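Listing of input.cif, mmCIF, C-alpha atoms
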```
data_coords
#
loop_
_atom_site.label_atom_id
_atom_site.label_comp_id
_atom_site.auth_asym_id
_atom_site.auth_seq_id
_atom_site.Cartn_x
_atom_site.Cartn_y
_atom_site.Cartn_z
CA MET A 1 27.70 -110.24 34.46
CA ALA A 2 25.96 -107.26 36.03
CA PRO A 3 22.77 -106.09 34.31
CA SER A 4 22.96 -102.98 32.16
CA GLU A 5 20.67 -99.96 32.25
CA VAL A 6 22.07 -98.50 29.02
CA ALA A 7 22.44 -99.87 25.50
CA ILE A 8 24.23 -98.64 22.41
CA ILE A 9 21.96 -98.85 19.38
CA GLY A 10 23.98 -97.00 16.75
CA VAL A 11 27.53 -95.94 15.93
CA GLY A 12 28.98 -93.67 13.27
CA LEU A 13 32.42 -92.62 12.10
CA HIS A 14 33.85 -89.93 9.88
CA PRO A 15 37.10 -91.69 8.88
CA PHE A 16 40.19 -90.13 10.41
CA GLY A 17 42.73 -88.44 8.14
CA ARG A 18 43.19 -85.04 6.48
CA TYR A 19 40.23 -83.15 5.03
CA PRO A 20 41.15 -79.66 3.77
CA GLY A 21 38.16 -77.34 3.63
CA LYS A 22 36.02 -79.44 5.96
CA SER A 23 35.49 -78.33 9.55
CA ALA A 24 35.60 -80.51 12.65
CA LEU A 25 31.94 -79.74 13.31
CA GLU A 26 31.03 -80.94 9.83
CA MET A 27 32.92 -84.19 10.38
CA GLY A 28 31.11 -84.64 13.68
CA GLU A 29 27.81 -83.97 11.92
CA ASP A 30 28.52 -86.74 9.41
CA ALA A 31 29.37 -89.15 12.23
CA VAL A 32 26.16 -88.36 14.12
CA PHE A 33 23.96 -88.88 11.07
CA GLU A 34 25.66 -92.21 10.36
CA ALA A 35 25.07 -93.27 13.97
CA LEU A 36 21.42 -92.20 13.77
CA THR A 37 20.96 -94.19 10.57
CA ASP A 38 22.60 -97.20 12.21
CA ALA A 39 20.19 -96.86 15.15
CA GLY A 40 17.11 -96.26 13.02
CA VAL A 41 16.45 -93.01 14.89
CA GLU A 42 15.66 -89.51 13.58
CA TRP A 43 17.56 -86.55 15.03
CA PRO A 44 14.41 -84.90 16.55
CA ALA A 45 13.97 -87.97 18.77
CA ILE A 46 17.32 -87.38 20.52
CA GLN A 47 16.88 -85.77 23.93
CA ALA A 48 20.45 -84.71 24.83
CA LEU A 49 23.88 -84.42 23.22
CA PHE A 50 27.33 -84.63 24.81
CA ALA A 51 30.22 -83.42 22.66
CA GLY A 52 33.99 -83.50 23.11
CA SER A 53 36.83 -81.72 21.32
CA MET A 54 40.28 -80.29 21.92
CA GLU A 55 40.46 -77.73 19.11
CA VAL A 56 36.78 -76.66 19.09
CA LYS A 57 36.02 -74.77 22.30
CA ASN A 58 32.24 -75.18 22.00
CA PRO A 59 31.70 -78.53 20.22
CA GLU A 60 28.10 -78.61 21.44
CA ALA A 61 27.50 -76.02 18.70
CA ILE A 62 27.17 -79.04 16.41
CA VAL A 63 23.44 -78.87 17.17
CA GLY A 64 23.37 -75.88 14.83
CA LEU A 65 24.27 -78.22 11.97
CA LEU A 66 22.21 -81.18 13.12
CA GLY A 67 19.08 -79.12 13.76
CA LEU A 68 17.97 -76.77 16.51
CA THR A 69 15.47 -78.97 18.31
CA GLY A 70 15.88 -77.37 21.74
CA ILE A 71 17.79 -80.23 23.39
CA PRO A 72 20.59 -79.58 25.87
CA GLY A 73 24.08 -79.80 24.40
CA ARG A 74 27.03 -80.17 26.76
CA ALA A 75 30.78 -80.10 26.10
CA VAL A 76 33.66 -81.93 27.76
CA PHE A 77 37.43 -82.16 27.41
CA THR A 78 39.65 -84.59 29.33
CA GLY A 79 42.55 -84.94 26.92
CA CYS A 80 42.77 -88.30 25.17
CA ALA A 81 40.04 -89.62 27.50
CA THR A 82 37.48 -87.16 26.09
CA GLY A 83 35.55 -89.71 24.01
CA ALA A 84 35.01 -92.06 26.93
CA THR A 85 34.02 -89.12 29.15
CA SER A 86 31.34 -87.94 26.72
CA LEU A 87 30.07 -91.52 26.45
CA ALA A 88 29.90 -91.85 30.24
CA MET A 89 28.01 -88.57 30.54
CA ALA A 90 25.52 -89.61 27.86
CA ALA A 91 25.03 -92.93 29.64
CA ASP A 92 24.65 -91.34 33.07
CA ALA A 93 21.91 -89.05 31.76
CA ILE A 94 19.96 -92.20 30.92
CA ARG A 95 20.80 -94.00 34.18
CA LEU A 96 19.60 -90.98 36.17
CA GLY A 97 16.30 -91.02 34.33
CA ASP A 98 16.80 -87.59 32.73
CA HIS A 99 16.61 -88.91 29.15
CA ASP A 100 15.78 -92.03 27.15
CA LEU A 101 17.82 -91.32 23.99
CA THR A 102 21.18 -89.53 23.96
CA VAL A 103 24.13 -88.99 21.64
CA ALA A 104 27.85 -88.82 22.43
CA VAL A 105 30.00 -87.26 19.71
CA GLY A 106 33.67 -86.39 19.41
CA LEU A 107 35.33 -84.27 16.75
CA ASP A 108 38.66 -82.58 16.09
CA LYS A 109 40.85 -81.10 13.38
CA HIS A 110 44.50 -80.92 14.38
CA PRO A 111 47.35 -79.33 12.42
CA ARG A 112 50.25 -81.50 11.32
CA GLY A 113 52.97 -82.32 13.84
CA ALA A 114 53.11 -83.34 17.48
CA PHE A 115 51.43 -81.34 20.22
CA SER A 116 53.76 -78.71 21.65
CA ASP A 117 54.16 -77.31 25.15
CA HIS A 118 52.26 -74.10 24.40
CA PRO A 119 49.36 -74.03 26.92
CA SER A 120 46.98 -72.40 24.45
CA VAL A 121 47.47 -75.36 22.12
CA SER A 122 47.88 -78.33 24.41
CA GLY A 123 46.85 -77.41 27.94
CA LEU A 124 50.17 -78.86 29.15
CA PRO A 125 51.72 -77.46 32.35
CA ALA A 126 54.36 -74.72 32.14
CA TRP A 127 57.19 -76.98 33.32
CA TYR A 128 56.69 -79.27 30.32
CA GLY A 129 58.78 -77.13 27.99
CA GLU A 130 61.15 -76.03 30.75
CA ALA A 131 62.08 -79.69 31.34
CA GLY A 132 62.93 -80.18 27.69
CA LEU A 133 59.69 -82.00 26.92
CA PHE A 134 58.79 -79.53 24.19
CA LEU A 135 56.71 -82.13 22.36
CA THR A 136 54.45 -84.84 23.74
CA THR A 137 56.65 -87.35 21.90
CA HIS A 138 59.45 -86.59 24.36
CA PHE A 139 57.34 -87.62 27.32
CA PHE A 140 56.23 -90.89 25.73
CA GLY A 141 59.81 -91.75 24.87
CA MET A 142 60.95 -91.11 28.42
CA LYS A 143 58.08 -93.15 29.86
CA ILE A 144 58.62 -96.32 27.79
CA ASN A 145 62.40 -96.05 28.16
CA ARG A 146 62.06 -96.41 31.90
CA TYR A 147 59.52 -99.23 31.56
CA MET A 148 61.83 -101.15 29.22
CA HIS A 149 64.66 -100.79 31.71
CA ASP A 150 62.51 -102.00 34.60
CA PHE A 151 60.81 -104.97 32.89
CA GLY A 152 63.09 -106.16 30.10
CA ILE A 153 61.04 -105.03 27.11
CA THR A 154 63.06 -104.85 23.87
CA PRO A 155 62.77 -102.48 20.89
CA ARG A 156 61.70 -105.48 18.79
CA THR A 157 58.55 -105.75 20.91
CA LEU A 158 57.71 -102.11 20.21
CA ALA A 159 58.17 -102.79 16.50
CA ARG A 160 55.83 -105.78 16.77
CA VAL A 161 53.13 -103.56 18.28
CA ALA A 162 53.42 -101.09 15.40
CA ALA A 163 53.60 -103.77 12.69
CA LYS A 164 50.43 -105.36 14.09
CA ALA A 165 48.68 -101.99 14.03
CA PHE A 166 49.52 -101.40 10.38
CA ARG A 167 48.46 -104.95 9.42
CA ASN A 168 45.12 -104.38 11.12
CA GLY A 169 44.84 -100.98 9.51
CA ALA A 170 45.36 -102.56 6.11
CA ALA A 171 42.31 -104.75 6.79
CA ASN A 172 40.24 -101.73 7.84
CA PRO A 173 38.78 -99.83 4.87
CA ARG A 174 38.23 -96.76 7.07
CA ALA A 175 41.74 -96.56 8.53
CA TRP A 176 44.02 -93.65 7.64
CA ARG A 177 47.27 -95.62 7.29
CA ARG A 178 46.62 -98.80 5.35
CA LYS A 179 50.13 -99.77 4.26
CA PRO A 180 51.64 -102.71 6.18
CA LEU A 181 55.19 -102.21 7.46
CA THR A 182 57.64 -104.87 8.62
CA GLU A 183 59.21 -104.84 12.05
CA ASP A 184 62.59 -104.09 10.50
CA GLU A 185 61.21 -101.16 8.50
CA ILE A 186 59.78 -99.75 11.71
CA LEU A 187 63.00 -100.27 13.67
CA VAL A 188 65.19 -98.50 11.09
CA SER A 189 62.82 -95.58 10.52
CA PRO A 190 64.07 -92.24 11.88
CA SER A 191 64.47 -92.12 15.65
CA LEU A 192 62.28 -89.41 17.15
CA ASN A 193 62.68 -89.97 20.89
CA HIS A 194 64.66 -93.00 21.96
CA PRO A 195 63.60 -95.79 21.87
CA LEU A 196 60.64 -94.75 19.73
CA THR A 197 61.01 -94.38 15.97
CA GLN A 198 58.84 -92.55 13.46
CA TYR A 199 56.38 -95.41 12.90
CA MET A 200 55.98 -96.15 16.60
CA TYR A 201 53.99 -92.92 17.10
CA CYS A 202 50.47 -92.00 16.12
CA SER A 203 49.82 -88.65 14.45
CA PRO A 204 47.27 -85.97 15.35
CA ASP A 205 44.77 -85.74 12.50
CA GLU A 206 41.08 -85.05 11.78
CA GLY A 207 37.78 -86.88 12.13
CA GLY A 208 34.61 -87.51 14.10
CA ALA A 209 32.83 -90.39 15.82
CA ALA A 210 29.40 -90.74 17.42
CA VAL A 211 27.31 -93.15 19.48
CA VAL A 212 23.54 -93.30 20.04
CA LEU A 213 22.45 -94.64 23.45
CA CYS A 214 19.09 -95.55 24.94
CA ARG A 215 17.52 -97.23 27.95
CA ALA A 216 18.40 -100.91 27.86
CA ASP A 217 14.80 -101.99 28.29
CA GLN A 218 13.86 -100.03 25.16
CA ALA A 219 16.76 -101.11 22.94
CA HIS A 220 14.87 -103.74 20.96
CA ARG A 221 12.47 -101.06 19.73
CA TYR A 222 15.32 -99.85 17.55
CA THR A 223 17.63 -102.78 16.78
CA ASP A 224 17.90 -106.55 16.98
CA THR A 225 21.56 -106.24 17.98
CA PRO A 226 21.85 -103.82 20.92
CA ILE A 227 25.21 -103.64 22.65
CA TYR A 228 25.02 -103.19 26.41
CA LEU A 229 27.17 -100.78 28.36
CA ARG A 230 28.36 -102.81 31.35
CA ALA A 231 30.84 -100.31 32.79
CA SER A 232 32.11 -96.80 32.10
CA THR A 233 34.59 -95.71 34.75
CA LEU A 234 36.74 -92.59 35.06
CA PHE A 235 39.63 -92.04 37.48
CA SER A 236 42.10 -89.17 37.87
CA ARG A 237 45.53 -89.40 39.43
CA LYS A 238 45.28 -89.25 43.22
CA GLU A 239 48.83 -89.77 44.43
CA GLY A 240 52.31 -89.28 43.08
CA ALA A 241 50.98 -86.71 40.62
CA PHE A 242 54.39 -85.95 39.17
CA GLU A 243 52.97 -85.42 35.69
CA LEU A 244 51.10 -82.34 36.90
CA LEU A 245 53.29 -80.84 39.57
CA SER A 246 56.92 -81.75 38.91
CA PRO A 247 59.27 -81.89 35.93
CA SER A 248 60.99 -85.04 37.23
CA LEU A 249 60.03 -88.68 37.59
CA PRO A 250 60.06 -89.95 41.20
CA LEU A 251 62.23 -92.89 42.17
CA GLU A 252 59.12 -94.67 43.43
CA SER A 253 56.34 -94.58 40.88
CA ALA A 254 52.65 -94.46 41.81
CA PRO A 255 50.03 -96.67 40.15
CA SER A 256 48.51 -95.16 37.03
CA PRO A 257 44.87 -94.06 37.29
CA THR A 258 44.27 -96.65 34.56
CA VAL A 259 44.83 -99.37 37.17
CA PHE A 260 42.02 -98.02 39.35
CA ALA A 261 39.66 -97.35 36.44
CA SER A 262 40.23 -100.89 35.17
CA ARG A 263 39.65 -102.56 38.52
CA GLN A 264 36.44 -100.62 39.06
CA ALA A 265 35.20 -101.41 35.55
CA TYR A 266 35.74 -105.15 36.04
CA GLU A 267 33.93 -104.99 39.36
CA ASN A 268 31.01 -103.03 37.91
CA ALA A 269 30.69 -105.43 34.97
CA GLY A 270 31.05 -108.53 37.12
CA ILE A 271 33.83 -109.98 34.96
CA GLY A 272 37.61 -110.29 34.83
CA PRO A 273 40.26 -109.82 32.12
CA GLU A 274 39.90 -113.47 31.15
CA ASP A 275 36.33 -112.81 30.00
CA VAL A 276 37.24 -110.12 27.45
CA ASP A 277 37.20 -111.11 23.78
CA VAL A 278 38.38 -107.96 21.99
CA ILE A 279 40.43 -105.09 23.38
CA GLN A 280 41.02 -101.43 22.48
CA LEU A 281 43.96 -99.81 24.30
CA GLN A 282 45.33 -96.28 24.10
CA ASP A 283 48.32 -96.60 21.76
CA THR A 284 49.47 -93.01 21.37
CA ASP A 285 52.81 -94.76 20.79
CA ALA A 286 53.81 -98.42 20.66
CA GLY A 287 55.12 -98.24 24.19
CA SER A 288 51.78 -97.07 25.55
CA GLU A 289 50.05 -100.21 24.28
CA VAL A 290 52.69 -102.35 25.99
CA ILE A 291 52.30 -100.54 29.32
CA HIS A 292 48.49 -100.50 29.14
CA MET A 293 48.32 -104.26 28.58
CA ALA A 294 49.61 -104.74 32.12
CA GLU A 295 47.77 -101.80 33.69
CA ASN A 296 44.45 -103.24 32.49
CA GLY A 297 45.14 -106.70 33.88
CA PHE A 298 45.73 -108.58 30.64
CA CYS A 299 49.24 -109.63 31.67
CA LYS A 300 51.95 -108.95 34.22
CA ASP A 301 54.68 -106.37 33.68
CA GLY A 302 57.28 -107.90 31.38
CA GLU A 303 55.04 -110.63 29.97
CA GLN A 304 54.30 -108.49 26.91
CA GLU A 305 57.61 -109.60 25.38
CA GLN A 306 56.41 -113.18 25.03
CA LEU A 307 52.79 -112.33 24.23
CA LEU A 308 53.79 -110.18 21.27
CA ALA A 309 56.39 -112.68 20.05
CA THR A 310 53.85 -115.53 19.96
CA GLY A 311 51.05 -113.53 18.30
CA GLU A 312 48.67 -113.53 21.28
CA THR A 313 47.57 -109.93 20.58
CA GLU A 314 46.81 -110.54 16.89
CA ILE A 315 43.22 -110.75 15.62
CA GLY A 316 43.36 -114.53 15.79
CA GLY A 317 45.17 -114.60 19.14
CA ARG A 318 43.96 -114.95 22.71
CA LEU A 319 44.11 -111.19 23.39
CA PRO A 320 43.28 -109.32 20.17
CA VAL A 321 44.33 -105.70 20.75
CA ASN A 322 43.44 -102.71 18.56
CA THR A 323 41.84 -104.73 15.80
CA ASP A 324 41.11 -101.63 13.68
CA GLY A 325 44.74 -100.49 13.76
CA GLY A 326 44.39 -98.33 16.85
CA LEU A 327 45.79 -94.83 16.97
CA LEU A 328 48.91 -95.89 15.09
CA ALA A 329 46.94 -96.69 11.93
CA ASN A 330 44.07 -94.23 12.40
CA GLY A 331 45.77 -91.20 13.91
CA GLU A 332 44.25 -89.22 16.77
CA PRO A 333 41.73 -86.42 16.52
CA VAL A 334 41.63 -86.21 20.31
CA GLY A 335 37.92 -85.57 20.88
CA ALA A 336 36.85 -88.39 18.56
CA SER A 337 39.48 -90.98 19.40
CA GLY A 338 37.73 -92.75 22.28
CA LEU A 339 34.47 -93.04 20.37
CA ARG A 340 36.37 -94.61 17.46
CA GLN A 341 37.24 -97.39 19.93
CA ILE A 342 33.54 -97.83 20.70
CA TYR A 343 32.72 -97.82 16.99
CA GLU A 344 35.15 -100.71 16.47
CA LEU A 345 33.96 -102.69 19.50
CA VAL A 346 30.30 -102.38 18.53
CA ASN A 347 31.06 -103.60 15.03
CA GLN A 348 33.10 -106.48 16.44
CA LEU A 349 30.36 -107.51 18.86
CA ARG A 350 27.77 -107.31 16.08
CA GLY A 351 29.93 -109.51 13.85
CA ARG A 352 30.32 -106.95 11.09
CA ALA A 353 34.04 -106.17 11.25
CA GLY A 354 34.82 -107.96 8.00
CA ALA A 355 38.42 -109.11 7.48
CA ARG A 356 39.37 -108.09 11.01
CA GLN A 357 36.48 -109.88 12.74
CA VAL A 358 37.27 -111.63 16.04
CA GLU A 359 35.23 -114.82 15.89
CA GLY A 360 32.64 -115.21 18.63
CA ALA A 361 33.35 -111.82 20.24
CA ARG A 362 30.84 -111.11 23.00
CA VAL A 363 32.70 -108.80 25.42
CA GLY A 364 34.65 -105.71 24.38
CA TYR A 365 37.00 -103.54 26.44
CA ALA A 366 38.23 -100.00 25.76
CA GLN A 367 40.80 -97.95 27.69
CA LEU A 368 42.02 -94.38 27.40
CA TYR A 369 44.54 -92.29 29.28
CA GLY A 370 44.38 -88.53 28.90
CA ALA A 371 45.87 -85.40 30.36
CA PRO A 372 45.74 -84.30 33.06
CA GLY A 373 46.03 -87.82 34.44
CA THR A 374 42.48 -89.00 33.65
CA ALA A 375 41.91 -92.65 32.78
CA ALA A 376 38.75 -94.15 31.36
CA VAL A 377 37.62 -97.74 30.86
CA THR A 378 34.48 -98.92 29.05
CA ILE A 379 33.17 -102.50 28.93
CA LEU A 380 30.55 -103.58 26.40
CA SER A 381 28.77 -106.88 25.80
CA THR A 382 26.15 -108.45 23.58
#
```
Would you write the structure of this file as structure tokens?
Amino acid sequence: MAPSEVAIIGVGLHPFGRYPGKSALEMGEDAVFEALTDAGVEWPAIQALFAGSMEVKNPEAIVGLLGLTGIPGRAVFTGCATGATSLAMAADAIRLGDHDLTVAVGLDKHPRGAFSDHPSVSGLPAWYGEAGLFLTTHFFGMKINRYMHDFGITPRTLARVAAKAFRNGAANPRAWRRKPLTEDEILVSPSLNHPLTQYMYCSPDEGGAAVVLCRADQAHRYTDTPIYLRASTLFSRKEGAFELLSPSLPLESAPSPTVFASRQAYENAGIGPEDVDVIQLQDTDAGSEVIHMAENGFCKDGEQEQLLATGETEIGGRLPVNTDGGLLANGEPVGASGLRQIYELVNQLRGRAGARQVEGARVGYAQLYGAPGTAAVTILST
């Protein structure tokens, strides 16, 4: 495995959910202080902050709550890939030699209900509503419907993804949805956008997550269990960009940017999918997890049917996916979502995930796909 120049020494999470009267910045503040405590670092020692949010236009203003120490604070938004983007920027600042200690933080506070087509709310293109895709749920339904047709995936497999998420969420004391549901309960819940039912979708909600990073050669000054950042890759769509420019799906589909981000991450880390012990995939809906399993090299298209049926993606299986319940059990405050994945992977690799611990986990993998067509992959190791 390729050597790392950057280590994660602390992680923090403000649990996702609904918190009336508490701002997104305040939730991000709590997450940062938890991460600093985990790292054994005081806020004045941090040299730069990278913040991401969808609802808060200037999330770097969190420094006003944390303490005005004079450090640079920078903001980023790349849809659902925001958390991984802020992490990559915080890591690059260390790789470039600009800083030795940095923080990546994500925070958001979304209203109830799915994201609509209104550009001021979602940043979605104008044709989105014109094509009848008034809600993001419509697009996800259309996408998995085509994939099921092409590769023989059944609704039962989608229900298995969701049931697994809620079982894992039940074992996660910081998850939002902690009630297990059976596959049949999920299948007969109200249909929102065929073939996806109510419990096959995540919900926008509220929360914050943070990560403290440092130079790898200095990590043991702070912790006996540093987690090394082996790859953090970002790719945007470069061909067949129908999601941005056209209201229709082409007859010939182009590879997702996730495919390119994944390939580059494996190359940078010097490993392959077979070396990964615990996996976090973007599961905005149950169908997304199915599609992303193949796009990230963990199986071929269509093999998900058998893998889910035989329990391979469970915590005790060969490919444990979304061990904390993923988006389905935690919901998605967009800016914080990707750093929640890192929070879970770090705890898994440190052996402190409790009832959801993957035994012997040494390599963790996280993937995100965000509008407008930006994919991000992060690989961590002990």
When you look at Leu234 of chain A with a cut-off of 7 Å (counting all atoms listed in the file), what residues show up, excluding the ones that are within fewer than 4 positions of it in the same chain? I need them as a list of chain:residue names. A:Ala261, A:Thr374, A:Ala375, A:Ala376, A:Val377
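When you apply the PyMOL selection byres ((chain A and resi 183) around 8) to this structure, what comes back is Arg156, Ala159, Arg160, Ala162, Ala163, Leu181, Thr182, Asp184, Glu185, Ile186 and Leu187 of chain A.
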Give one line per residue of segment 157-271 of chain A that approaches segment 315-333 of chain A to at most 7 Å, naming the two atoms of the closest pair and their distance in Å to one decimal, counting only C-alpha atoms; sort by chain then ascending residue number and deliver it as a Markdown table.
```
| residue | atom | partner | partner_atom | distance |
| --- | --- | --- | --- | --- |
| A:Ala162 | CA | A:Leu328 | CA | 6.9 |
| A:Ala165 | CA | A:Gly325 | CA | 4.2 |
| A:Phe166 | CA | A:Ala329 | CA | 5.6 |
| A:Asn168 | CA | A:Gly325 | CA | 4.7 |
| A:Gly169 | CA | A:Gly325 | CA | 4.3 |
| A:Asn172 | CA | A:Asp324 | CA | 5.9 |
| A:Ala175 | CA | A:Asn330 | CA | 5.1 |
| A:Trp176 | CA | A:Asn330 | CA | 4.8 |
| A:Arg177 | CA | A:Ala329 | CA | 4.8 |
| A:Arg178 | CA | A:Ala329 | CA | 6.9 |
| A:Tyr201 | CA | A:Leu328 | CA | 6.2 |
| A:Cys202 | CA | A:Leu328 | CA | 4.3 |
| A:Ser203 | CA | A:Gly331 | CA | 4.8 |
| A:Pro204 | CA | A:Glu332 | CA | 4.7 |
| A:Asp205 | CA | A:Pro333 | CA | 5.1 |
| A:Glu206 | CA | A:Pro333 | CA | 5.0 |
| A:Gly207 | CA | A:Pro333 | CA | 5.9 |
```
What do you get, as a PyMOL selection string, if you spell out every residue that the PyMOL selection byres ((chain A and resi 94-108) around 9) selects here? chain A and resi 5-6+23-29+31-32+35-36+45-56+59+82-83+86-93+109-110+205-215+218+332-340
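Atom to atom, atom CA of Ala7 of chain A and atom CA of Arg221 of chain A stand 11.6 Å apart.
The spacing separating atom CA of Ser262 of chain A from atom CA of Asp283 of chain A amounts to 16.2 Å.
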On this file, the PyMOL selection byres ((chain A and resi 146) around 12) gives some set of residues; write that set as a PyMOL selection string. chain A and resi 139-145+147-154+194-195+249-251+253+287+291
For atom CA of Leu196 of chain A and atom CA of Arg237 of chain A, quote the distance in Å rounded to one decimal.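 So the two atoms, atom CA of Leu196 of chain A and atom CA of Arg237 of chain A, lie 25.4 Å apart.
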So that I can see what lies close to Glu359 of chain A, please list as a PyMOL selection string the residues with an atom at most 10 Å from it, counting all atoms listed in the file and leaving out residues fewer than 4 positions away in the same chain. chain A and resi 277-278+315-316+348-349+351+353
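Shortest atom-to-atom contact with Ser288 of chain A among A:Ile227, A:Ala81, A:Ala171, A:Met200: A:Met200, counting all atoms listed in the file.
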Selection: 6 Å around Ala366 of chain A, only C-alpha atoms, excl. self and same-chain fewer than 5 positions, as a PDB file with C-alpha atoms, keeping the file's coordinate frame:
```pdb
ATOM      1  CA  GLN A 280      41.020-101.430  22.480  1.00  0.00           C
ATOM      2  CA  LEU A 281      43.960 -99.810  24.300  1.00  0.00           C
ATOM      3  CA  VAL A 377      37.620 -97.740  30.860  1.00  0.00           C
ATOM      4  CA  THR A 378      34.480 -98.920  29.050  1.00  0.00           C
TER       5      THR A 378
END
```
